[in-house]
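Participant: One structure is given below, represented as structure tokens, and several questions about it will come after.
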Amino acid sequence: MEWELGLAGLVVGLLTAVVTAPVGVSGAVFLLPVQLSVFAVPNPAVTPTNLLYNVVAGPGALLRYRKDGALRGPLVRLLVLGSLPGVVLGAVIRVFALPGPRVFRLLIAALMLPLGVWLVVRTLRPAHSAGPRTGPAPRSVVSMALAVGVVGGVYGIGGGSILGPVLVGRGVPVATVAPAALASTFATSVVGAGTYALLSVTQGGSIAPDWALGLACGLGGLIGGYLGAHLQPRMPETFLRVLLGSLAVVLGTLYLVEGLL
């Protein structure tokens, strides 16, 4: 039933965003395999559907972070500046060069496995330093955001799941990274979804997003993101990082097996 699919999408989006929003991740990186395997969204429509989720869900957490004054500062501008051109390039690559589901699953595994392992190891065995660490230079942040924007355009994950742990590992506080990463994710998702919409006019196949499912998941993410951002000061950071890393490892392993079979 159509309403049952929408309800399931809303619940999945809400639960995902509650857990991921406190660390600056929209949750799209975890929704992507669910859309492929559970909701059977075809390739490459799964990517713009994920971007649509980010567009609808993003304002929830951002509204809460804005109320707390957490969206001020140069990091937001640097991430947006670098990631916007990258997401357009990634969308073009996704449509014209990576249409096959098998290759897509292998690339998901290649992204999620090292990311998950890195998150868990970095959390459980933090690097010790003799003094306070300084964050990366602005030029490095823009270059990193550009590369992540390309990945986000290909996979429809926004990029916060990559930018967040990398920036925190470079010494930037979580309280600074989380709102900036979500702001970048929202901006790139708007541009990415628009790019896919334009490409769907000129190209055949399933390029346009699944509007009903994307909106349903996004509505759940809108509510869950607000709640997650509100709970950030009360939730143990170590638990959230280990949980996110473990989920990435499990999902990456599953898709590696599926891609190789």
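Letters for chains follow the order of the structure tokens (A, B, ...), residue numbers begin at 1 for each chain, and ligand numbers begin at 1 in the order shown.
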Could you pull the residues within 8 Å of Leu84 of chain A, counting only C-alpha atoms, minus those fewer than 5 positions along the same chain, as a list in words?
Facilitator: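 Answer for this query is Leu146, Gly149, Ala187, Thr188 and Val191 of chain A.
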Participant: Suppose we keep C-alpha atoms; can you now write the selection as a short mmCIF file (atom, residue, chain, number, x, y, z; two decimals), in the first residue's frame?
Facilitator:
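Contents of again.cif, as written:
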```cif
data_model
loop_
_atom_site.label_atom_id
_atom_site.label_comp_id
_atom_site.auth_asym_id
_atom_site.auth_seq_id
_atom_site.Cartn_x
_atom_site.Cartn_y
_atom_site.Cartn_z
CA LEU A 146 35.04 20.11 -2.99
CA GLY A 149 30.85 17.42 -2.65
CA ALA A 187 22.99 23.59 0.48
CA THR A 188 24.62 20.89 -1.65
CA VAL A 191 21.82 22.14 -5.80
#
```
Participant: Which residue is closest to Pro48 of chain A? Choose from A:Thr238, A:Gln232, A:Thr16, A:Ser200 and count only C-alpha atoms.
Facilitator: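 With only C-alpha atoms as the atom set, the closest residue is A:Ser200.
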Participant: Give the alpha helix (DSSP H) residues of segment 81-201 of chain A, as DSSP finds them on the backbone, and put them as a ChimeraX atom specification.
Facilitator: /A:81-97,101-124,138-155,160-169,174-201
Participant: For segment 88-94 of chain A, list every protein, DNA or RNA residue within 8 Å, evaluated using only C-alpha atoms, and leave out those in the same chain fewer than 6 positions away; present the list as a ChimeraX atom specification.
Facilitator: /A:44,149-155,191-192,195-196
Participant: Which residue gives the smallest distance to Ala216 of chain A among A:Val29, A:Ala45, A:Val56, A:Leu51, with only C-alpha atoms counted?
Facilitator: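 Among the listed residues, the smallest separation from Ala216 of chain A belongs to A:Val56.
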Participant: Segment 150-184 of chain A near segment 79-82 of chain A within 9 Å: what's each residue's closest atom pair and its distance in Å to one decimal, counting only C-alpha atoms, ordered by chain then ascending residue number, as JSON lines?
Facilitator:
```
{"residue": "A:Leu163", "atom": "CA", "partner": "A:Leu79", "partner_atom": "CA", "distance": 8.8}
{"residue": "A:Ala180", "atom": "CA", "partner": "A:Leu79", "partner_atom": "CA", "distance": 7.3}
{"residue": "A:Ala181", "atom": "CA", "partner": "A:Leu79", "partner_atom": "CA", "distance": 7.3}
{"residue": "A:Ala183", "atom": "CA", "partner": "A:Val80", "partner_atom": "CA", "distance": 7.6}
{"residue": "A:Ser184", "atom": "CA", "partner": "A:Val80", "partner_atom": "CA", "distance": 4.9}
```
Participant: With all heavy atoms retained, write the just-selected residues as a PDB file, in the first residue's frame.
Facilitator:
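New file out.pdb:
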```
ATOM      1  N   LEU A 163      32.781  14.742   6.115  1.00  0.00           N
ATOM      2  CA  LEU A 163      33.387  15.970   6.610  1.00  0.00           C
ATOM      3  C   LEU A 163      33.438  16.011   8.131  1.00  0.00           C
ATOM      4  O   LEU A 163      34.430  16.453   8.716  1.00  0.00           O
ATOM      5  CB  LEU A 163      32.605  17.183   6.092  1.00  0.00           C
ATOM      6  CG  LEU A 163      32.805  17.559   4.630  1.00  0.00           C
ATOM      7  CD1 LEU A 163      31.793  18.618   4.226  1.00  0.00           C
ATOM      8  CD2 LEU A 163      34.226  18.057   4.393  1.00  0.00           C
ATOM      9  N   ALA A 180      27.853  23.204  10.963  1.00  0.00           N
ATOM     10  CA  ALA A 180      28.452  23.591   9.677  1.00  0.00           C
ATOM     11  C   ALA A 180      28.302  22.473   8.650  1.00  0.00           C
ATOM     12  O   ALA A 180      27.995  22.724   7.473  1.00  0.00           O
ATOM     13  CB  ALA A 180      29.927  23.939   9.869  1.00  0.00           C
ATOM     14  N   ALA A 181      28.523  21.228   9.067  1.00  0.00           N
ATOM     15  CA  ALA A 181      28.394  20.088   8.152  1.00  0.00           C
ATOM     16  C   ALA A 181      26.947  19.931   7.678  1.00  0.00           C
ATOM     17  O   ALA A 181      26.690  19.650   6.502  1.00  0.00           O
ATOM     18  CB  ALA A 181      28.868  18.812   8.831  1.00  0.00           C
ATOM     19  N   ALA A 183      24.708  22.354   7.499  1.00  0.00           N
ATOM     20  CA  ALA A 183      24.414  23.476   6.608  1.00  0.00           C
ATOM     21  C   ALA A 183      24.962  23.218   5.212  1.00  0.00           C
ATOM     22  O   ALA A 183      24.302  23.491   4.191  1.00  0.00           O
ATOM     23  CB  ALA A 183      24.993  24.771   7.174  1.00  0.00           C
ATOM     24  N   SER A 184      26.173  22.674   5.138  1.00  0.00           N
ATOM     25  CA  SER A 184      26.764  22.321   3.848  1.00  0.00           C
ATOM     26  C   SER A 184      25.957  21.224   3.159  1.00  0.00           C
ATOM     27  O   SER A 184      25.716  21.279   1.946  1.00  0.00           O
ATOM     28  CB  SER A 184      28.209  21.862   4.053  1.00  0.00           C
ATOM     29  OG  SER A 184      28.764  21.351   2.866  1.00  0.00           O
TER      30      SER A 184
END
```
Participant: Please determine, counting only C-alpha atoms, which residue among A:Pro22, A:Leu113, A:Ser246, A:Gly159 has the shortest atom-to-atom distance to Arg234 of chain A.
Facilitator: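 Smallest separation from Arg234 of chain A among the options: A:Pro22.
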Participant: List the spatial neighbours of Leu167 of chain A as a PDB file with C-alpha atoms, in the first residue's frame - criterion: any atom at most 12 Å away, only C-alpha atoms, same-chain residues fewer than 3 positions off excluded.
Facilitator:
```
ATOM      1  CA  VAL A  23      27.180  14.728  15.124  1.00  0.00           C
ATOM      2  CA  GLY A  24      26.474  16.700  11.946  1.00  0.00           C
ATOM      3  CA  LEU A  75      33.453  27.140   8.726  1.00  0.00           C
ATOM      4  CA  LEU A  79      32.222  24.150   3.481  1.00  0.00           C
ATOM      5  CA  LEU A 119      35.200   6.440  13.320  1.00  0.00           C
ATOM      6  CA  ARG A 133      45.519  20.959  17.945  1.00  0.00           C
ATOM      7  CA  THR A 134      44.682  23.640  15.427  1.00  0.00           C
ATOM      8  CA  GLY A 135      42.118  23.079  12.718  1.00  0.00           C
ATOM      9  CA  PRO A 136      42.971  22.813   9.022  1.00  0.00           C
ATOM     10  CA  ALA A 137      43.737  25.921   6.963  1.00  0.00           C
ATOM     11  CA  PRO A 138      40.811  27.538   5.076  1.00  0.00           C
ATOM     12  CA  SER A 140      42.415  22.844   2.922  1.00  0.00           C
ATOM     13  CA  VAL A 141      38.813  23.006   4.166  1.00  0.00           C
ATOM     14  CA  VAL A 142      37.572  24.263   0.775  1.00  0.00           C
ATOM     15  CA  MET A 144      38.235  18.885   1.214  1.00  0.00           C
ATOM     16  CA  ALA A 145      34.667  20.155   0.814  1.00  0.00           C
ATOM     17  CA  GLY A 160      28.444  15.496   6.329  1.00  0.00           C
ATOM     18  CA  SER A 161      29.170  11.872   7.205  1.00  0.00           C
ATOM     19  CA  ILE A 162      32.668  12.346   5.754  1.00  0.00           C
ATOM     20  CA  LEU A 163      33.387  15.970   6.610  1.00  0.00           C
ATOM     21  CA  GLY A 164      32.300  15.630  10.223  1.00  0.00           C
ATOM     22  CA  ARG A 170      41.841  17.526  12.669  1.00  0.00           C
ATOM     23  CA  GLY A 171      41.029  19.286  15.930  1.00  0.00           C
ATOM     24  CA  VAL A 172      37.799  21.182  15.212  1.00  0.00           C
ATOM     25  CA  PRO A 173      35.254  20.902  18.080  1.00  0.00           C
ATOM     26  CA  VAL A 174      32.145  18.802  17.454  1.00  0.00           C
ATOM     27  CA  ALA A 175      29.930  21.722  18.459  1.00  0.00           C
ATOM     28  CA  THR A 176      31.429  23.723  15.575  1.00  0.00           C
ATOM     29  CA  VAL A 177      31.532  20.927  13.009  1.00  0.00           C
ATOM     30  CA  ALA A 178      27.998  19.548  13.426  1.00  0.00           C
ATOM     31  CA  ALA A 180      28.452  23.591   9.677  1.00  0.00           C
ATOM     32  CA  ALA A 181      28.394  20.088   8.152  1.00  0.00           C
TER      33      ALA A 181
END
```
Participant: List the spatial neighbours of Leu52 of chain A as number ranges by chain - criterion: any atom at most 8 Å away, only C-alpha atoms, same-chain residues fewer than 3 positions off excluded.
Facilitator: A: 48-49, 55-56, 189-190, 193, 209, 211, 214-215, 218
Participant: Please list as JSON, numbers by chain every residue within 12 Å of Val249 of chain A, counting only C-alpha atoms and excluding residues in the same chain fewer than 2 positions away.
Facilitator: {"A": [29, 30, 108, 109, 110, 111, 112, 113, 114, 115, 116, 117, 118, 119, 120, 121, 242, 243, 244, 245, 246, 247, 251, 252, 253, 254, 255, 256]}
Participant: Using only C-alpha atoms, which of the listed residues (A:Thr202, A:Arg64, A:Pro33, A:Leu10) sits closest to Leu106 of chain A?
Facilitator: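 Checking each candidate against Leu106 of chain A, we get A:Pro33 as the closest.
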Participant: Counting only C-alpha atoms, which residue out of A:Pro179, A:Thr20, A:Val34, A:Leu227 sits closest to Arg72 of chain A?
Facilitator: A:Pro179
Participant: May I ask for the distance between atom CA of Pro233 of chain A and atom CA of Arg66 of chain A, given in Å to one decimal place?
Facilitator: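 Straight-line distance from atom CA of Pro233 of chain A to atom CA of Arg66 of chain A works out to 14.8 Å.
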Participant: Counting only C-alpha atoms, which residue out of A:Pro165, A:Gly86, A:Gly73, A:Gly259 sits closest to Arg241 of chain A?
Facilitator: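 Among A:Pro165, A:Gly86, A:Gly73, A:Gly259, it is A:Pro165 that comes nearest to Arg241 of chain A.
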Participant: What gap, in Å, lies between atom CA of Glu258 of chain A and atom CA of Arg105 of chain A?
Facilitator: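 Taking atom CA of Glu258 of chain A as the start and atom CA of Arg105 of chain A as the end point, the length is 7.3 Å.
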